[in-house]
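Down below is the structure, laid out as structure tokens.
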Amino acid sequence: MEKSRLHSCELKRHRQIAPPLCAVCPRVLKCRSFRIWYRLNRDEYLDFVTDICRKFPDKYTLEVSFMPEKQTFVQVVDLATGAIEKIVNLREIEALTPEEKLELSRNKNLFVVTHRLEPIVRVELRKSAISQAQHFGPKPVAAPQPIVEVTKDPLPSTAPKTRKKR
């Protein structure tokens, strides 16, 4: 039975890991839970980041960084072309049978590698120069203008004033 992993933000600001939260996080390259989540949901994350940059090209830019992962890997290189076929974890190769190992190494060089770099695409807000002064907070109140009287003569009263006697 496989245990389910709870992916939560290491900064404890958010309970979950989601593309909108991680795409702008400054610690995304160091976050251990993001690495695990990224392996499972790479397509969802890349779709979100590219959609944001397509919708708002004047506001956001894409920034590609490399997330290093330190483990023992085996790099399989084809002898004929010199191209890297794949990078496999050393534990996976040790779990193979001798026949599978022999088949894997035919016409190929195997190199032990200690780090693997994985490109991570992040969204960054475009920086723009400020051309004029900006004011934040409440708007300044204009000085009150004096009240101008519309009628110049007082209105005559129609009812006489009476006083009550006690």
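Residues in the structure tokens are numbered from 1 in each chain, the chains being A, B, ... in the order shown, and ligands are numbered from 1 in the order shown.
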
| message | DSSP on the backbone, helix (DSSP H, G or I) only: what residues of chain A does that give? Format it as a ChimeraX atom specification. | response | /A:19-22,32-40,42-55,90-94,98-105

Contacts of segment 89-166 of chain A with segment 21-27 of chain A up to 12 Å, shortest pair per row, only C-alpha atoms, as a Markdown table:
| residue | atom | partner | partner_atom | distance |
| --- | --- | --- | --- | --- |
| A:Ile120 | CA | A:Ala23 | CA | 9.3 |
| A:Val121 | CA | A:Ala23 | CA | 7.7 |
| A:Arg122 | CA | A:Ala23 | CA | 5.1 |
| A:Val123 | CA | A:Ala23 | CA | 5.6 |
| A:Glu124 | CA | A:Val24 | CA | 6.7 |
| A:Leu125 | CA | A:Val24 | CA | 8.8 |

Could you turn the residues from that selection into a file that holds C-alpha atoms, as a CSV table (one decimal), in the first residue's frame?
chain,number,residue,atom,x,y,z
A,120,ILE,CA,12.1,25.5,-13.6
A,121,VAL,CA,10.1,28.3,-15.2
A,122,ARG,CA,9.0,31.2,-13.0
A,123,VAL,CA,6.9,34.2,-13.6
A,124,GLU,CA,8.4,37.6,-12.8
A,125,LEU,CA,6.6,40.9,-12.8

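Shortest separation to Ile84 of chain A among A:Leu96, A:Val28, A:Leu62, A:Leu110 occurs at residue A:Leu110, atoms counted being only C-alpha atoms.
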
| message | Let's see if you can do this: from backbone DSSP, list all strand (DSSP E) residues in segment 12-159 of chain A, as a VMD selection string. | response | chain A and resid 60 to 78 84 to 89 108 to 125

| said: Which residues are near Gln71 of chain A? Cut-off 9 Å, only C-alpha atoms, ignore same chain within fewer than 4 positions. Put them as a VMD selection string. | reply: chain A and resid 89 to 90 113 to 116

| task | Extract, using only C-alpha atoms, all DNA, RNA and protein residues at most 12 Å from Cys9 of chain A, discarding same-chain residues fewer than 4 positions from it, and format them as a ChimeraX atom specification. | result | /A:13-19,21-22,25,27-28,30-37

Okay, now the selection with C-alpha atoms, as a JSON list (two decimals), in the first residue's frame?
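Output (selection11.json):
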[["chain", "number", "residue", "atom", "x", "y", "z"],
["A", 13, "ARG", "CA", 1.83, 30.51, 4.35],
["A", 14, "HIS", "CA", -0.33, 28.20, 2.29],
["A", 15, "ARG", "CA", -1.65, 24.76, 3.04],
["A", 16, "GLN", "CA", -1.27, 23.46, -0.47],
["A", 17, "ILE", "CA", 1.10, 23.68, -3.36],
["A", 18, "ALA", "CA", -0.50, 25.24, -6.42],
["A", 19, "PRO", "CA", 0.88, 26.82, -9.60],
["A", 21, "LEU", "CA", 1.41, 30.28, -5.43],
["A", 22, "CYS", "CA", 4.67, 28.61, -6.45],
["A", 25, "CYS", "CA", 7.51, 32.31, -4.72],
["A", 27, "ARG", "CA", 12.01, 30.05, -2.50],
["A", 28, "VAL", "CA", 10.72, 27.81, -5.27],
["A", 30, "LYS", "CA", 14.92, 25.48, -2.53],
["A", 31, "CYS", "CA", 11.51, 24.10, -1.63],
["A", 32, "ARG", "CA", 11.58, 20.34, -1.08],
["A", 33, "SER", "CA", 7.83, 19.87, -1.29],
["A", 34, "PHE", "CA", 7.72, 21.77, -4.60],
["A", 35, "ARG", "CA", 10.29, 19.35, -6.08],
["A", 36, "ILE", "CA", 8.13, 16.37, -5.22],
["A", 37, "TRP", "CA", 4.96, 18.06, -6.46]]

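Every protein or nucleic acid residue with an atom no more than 12 Å from Gly82 of chain A, counting only C-alpha atoms and leaving out same-chain residues fewer than 5 positions away, appears here: Gln75, Val76, Val77, Asn107, Lys108, Asn109 and Leu110 of chain A.
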
| So what do you get for atom CA of Phe73 of chain A versus atom CA of Arg106 of chain A, distance-wise? | 18.4 Å

| request: Work out how far apart atom CA of Phe136 of chain A and atom CA of Lys55 of chain A are and give it in Å to one decimal. | output: 27.9 Å
